[in-house]
There are 2 protein chains.
Amino acid sequence: MKNDSEQKIEECYCPIQKTLALIGGKWTLSIIRELSSGSKRFSQLQKSLPGISPKTLSSRLQELEKEAIVAKQVFPEVPPRVEYSLTSKGEGLKKVLQDLLKWGTENLKEGY
Amino acid sequence: MKNDSEQKIEECYCPIQKTLALIGGKWTLSIIRELSSGSKRFSQLQKSLPGISPKTLSSRLQELEKEAIVAKQVFPEVPPRVEYSLTSKGEGLKKVLQDLLKWGTENLKEGY
DNA sequence: CGGTATCCTGGCTGATACTG
DNA sequence: CAGTATCAGCCAGGATACCG
């Protein structure tokens, strides 16, 4: 009763590695969490994530945008305004994160 | 219909980070995959994972053992024999990896 | 065989300054 | 405001040698 699903994993790990590489960055999950509650501007994200450098934030945002996890909307105003938000893919990713959270909570040793 | 599960993620990411840190190592998934098909010896793992250094293999194995993902069994023989295998926790982790694989396959851009 | 001890390197990240 | 450019530091991981 577990054979069907178990086979796949043993054959192909590449998409898993890619997914981990994508969400495994130091700040990536935090960024996704911040955007879970609605779209935010670059500077808002910076304030919400104490310690992140603009360079890192920019990089992570670009990666996530490239994979269509977050959407970037530019408002042609002065001063410039840019808003980032989760796409439906990003919402789907949250599902996976739930499972990760569940497993981690149930199986990881505490007390660090 | 999605509110209940989504809340948690926005409140606590620590176990997710820990889980990612645990399985995010360069070779960790491959090690788990190798052990999926049954217990293996240190040297067998080395052969199955071309390019891994004994130091790295040892480190990953220790981490996984520490979190009870893999079990280490020492046979007091000459020459020494040690076998590593997945524990039930490790099997449970495979479930999560399935979801990761599914999401990655469906949502990640191809062509690298 | 099954590791540990050392040394070393590349890439990610942080800090900071600067620009459109 | 929303980034990019530049430089420096840390650390996972690689190479290699050695040990019980």
# chains A, B, ... in the order shown; residues from 1 in each chain; ligands from 1

call {"tool": "interface_residues", "arguments": {"of": "chain C", "to": "chain B", "cutoff": "10 Å", "atoms": "only C-alpha atoms (C1' of nucleotides)", "output": "ChimeraX atom specification"}}
result
/C:1-5

call {"tool": "select_by_dssp", "arguments": {"residues": "chain B", "states": "alpha helix (DSSP H)", "output": "PyMOL selection string"}}
result
chain B and resi 3-11+14-23+28-36+42-48+54-66+88-107

call {"tool": "atom_distance", "arguments": {"atom1": "atom CA of A:Glu63", "atom2": "atom C1' of D:DG13"}}
result
23.6 Å

call {"tool": "closest_atom_pairs", "arguments": {"of": "chain A", "to": "chain B", "cutoff": "6 Å", "atoms": "only C-alpha atoms", "output": "Markdown table"}}
result
| residue | atom | partner | partner_atom | distance |
| --- | --- | --- | --- | --- |
| A:Glu10 | CA | B:Arg33 | CA | 5.6 |
| A:Pro15 | CA | B:Gly104 | CA | 4.9 |
| A:Ile16 | CA | B:Leu101 | CA | 4.9 |
| A:Thr19 | CA | B:Gly104 | CA | 5.6 |
| A:Arg33 | CA | B:Glu10 | CA | 5.5 |
| A:Leu100 | CA | B:Ile16 | CA | 5.7 |
| A:Leu101 | CA | B:Ile16 | CA | 4.9 |
| A:Gly104 | CA | B:Pro15 | CA | 4.9 |
| A:Thr105 | CA | B:Pro15 | CA | 5.7 |

call {"tool": "write_last_selection", "arguments": {"atoms": "all heavy atoms", "output": "mmCIF file, in the first residue's frame"}}
result
data_model
loop_
_atom_site.group_PDB
_atom_site.id
_atom_site.type_symbol
_atom_site.label_atom_id
_atom_site.label_comp_id
_atom_site.auth_asym_id
_atom_site.auth_seq_id
_atom_site.Cartn_x
_atom_site.Cartn_y
_atom_site.Cartn_z
ATOM 1 N N GLU A 10 12.812 7.026 -5.729
ATOM 2 C CA GLU A 10 14.084 6.339 -5.890
ATOM 3 C C GLU A 10 14.641 6.490 -7.294
ATOM 4 O O GLU A 10 15.771 6.121 -7.564
ATOM 5 C CB GLU A 10 13.909 4.858 -5.534
ATOM 6 C CG GLU A 10 13.604 4.697 -4.048
ATOM 7 C CD GLU A 10 12.958 3.373 -3.717
ATOM 8 O OE1 GLU A 10 13.142 2.434 -4.486
ATOM 9 O OE2 GLU A 10 12.277 3.302 -2.681
ATOM 10 N N PRO A 15 14.103 17.188 -9.401
ATOM 11 C CA PRO A 15 13.170 18.259 -9.068
ATOM 12 C C PRO A 15 13.166 18.557 -7.571
ATOM 13 O O PRO A 15 12.912 19.686 -7.166
ATOM 14 C CB PRO A 15 11.817 17.700 -9.517
ATOM 15 C CG PRO A 15 12.156 16.704 -10.567
ATOM 16 C CD PRO A 15 13.426 16.083 -10.093
ATOM 17 N N ILE A 16 13.450 17.557 -6.782
ATOM 18 C CA ILE A 16 13.517 17.801 -5.343
ATOM 19 C C ILE A 16 14.702 18.692 -5.028
ATOM 20 O O ILE A 16 14.584 19.663 -4.287
ATOM 21 C CB ILE A 16 13.657 16.481 -4.570
ATOM 22 C CG1 ILE A 16 12.509 15.537 -4.910
ATOM 23 C CG2 ILE A 16 13.687 16.752 -3.071
ATOM 24 C CD1 ILE A 16 12.515 14.269 -4.095
ATOM 25 N N THR A 19 13.927 22.136 -6.061
ATOM 26 C CA THR A 19 12.994 22.778 -5.141
ATOM 27 C C THR A 19 13.701 23.192 -3.866
ATOM 28 O O THR A 19 13.521 24.309 -3.369
ATOM 29 C CB THR A 19 11.839 21.821 -4.800
ATOM 30 O OG1 THR A 19 11.216 21.382 -5.998
ATOM 31 C CG2 THR A 19 10.808 22.515 -3.921
ATOM 32 N N ARG A 33 6.895 33.874 3.579
ATOM 33 C CA ARG A 33 5.981 34.078 4.702
ATOM 34 C C ARG A 33 5.471 35.512 4.721
ATOM 35 O O ARG A 33 4.276 35.766 4.872
ATOM 36 C CB ARG A 33 6.686 33.783 6.027
ATOM 37 C CG ARG A 33 5.755 33.902 7.225
ATOM 38 C CD ARG A 33 6.546 33.848 8.522
ATOM 39 N NE ARG A 33 7.593 34.856 8.522
ATOM 40 C CZ ARG A 33 8.803 34.698 9.049
ATOM 41 N NH1 ARG A 33 9.136 33.568 9.592
ATOM 42 N NH2 ARG A 33 9.693 35.666 9.016
ATOM 43 N N LEU A 100 6.191 20.008 5.317
ATOM 44 C CA LEU A 100 7.545 20.121 5.841
ATOM 45 C C LEU A 100 7.478 20.501 7.313
ATOM 46 O O LEU A 100 8.183 19.942 8.162
ATOM 47 C CB LEU A 100 8.295 21.203 5.060
ATOM 48 C CG LEU A 100 9.637 20.910 4.416
ATOM 49 C CD1 LEU A 100 9.800 19.448 4.024
ATOM 50 C CD2 LEU A 100 9.815 21.796 3.207
ATOM 51 N N LEU A 101 6.612 21.458 7.604
ATOM 52 C CA LEU A 101 6.438 21.912 8.976
ATOM 53 C C LEU A 101 5.930 20.784 9.861
ATOM 54 O O LEU A 101 6.439 20.563 10.966
ATOM 55 C CB LEU A 101 5.435 23.071 9.003
ATOM 56 C CG LEU A 101 5.028 23.583 10.385
ATOM 57 C CD1 LEU A 101 6.230 24.132 11.134
ATOM 58 C CD2 LEU A 101 3.968 24.669 10.243
ATOM 59 N N GLY A 104 8.679 18.183 10.349
ATOM 60 C CA GLY A 104 9.730 18.720 11.198
ATOM 61 C C GLY A 104 9.297 18.806 12.647
ATOM 62 O O GLY A 104 10.049 18.455 13.563
ATOM 63 N N THR A 105 8.082 19.262 12.846
ATOM 64 C CA THR A 105 7.567 19.400 14.202
ATOM 65 C C THR A 105 7.461 18.045 14.899
ATOM 66 O O THR A 105 7.809 17.902 16.076
ATOM 67 C CB THR A 105 6.172 20.058 14.170
ATOM 68 O OG1 THR A 105 6.272 21.309 13.495
ATOM 69 C CG2 THR A 105 5.656 20.279 15.581
#

call {"tool": "select_by_dssp", "arguments": {"residues": "chain B", "states": "strand (DSSP E or B)", "output": "JSON, numbers by chain"}}
result
{"B": [40, 41, 70, 71, 72, 73, 74, 75, 81, 82, 83, 84, 85, 86]}

call {"tool": "interface_residues", "arguments": {"of": "chain D", "to": "chain A", "cutoff": "10 Å", "atoms": "only C-alpha atoms (C1' of nucleotides)", "output": "list in words"}}
result
DC1, DA2, DG3, DT4 and DA5 of chain D

call {"tool": "atom_distance", "arguments": {"atom1": "atom CA of A:Gln62", "atom2": "atom CA of A:Gln44"}}
result
16.5 Å

call {"tool": "atom_distance", "arguments": {"atom1": "atom CA of A:Thr87", "atom2": "atom CA of A:Val70"}}
result
5.2 Å
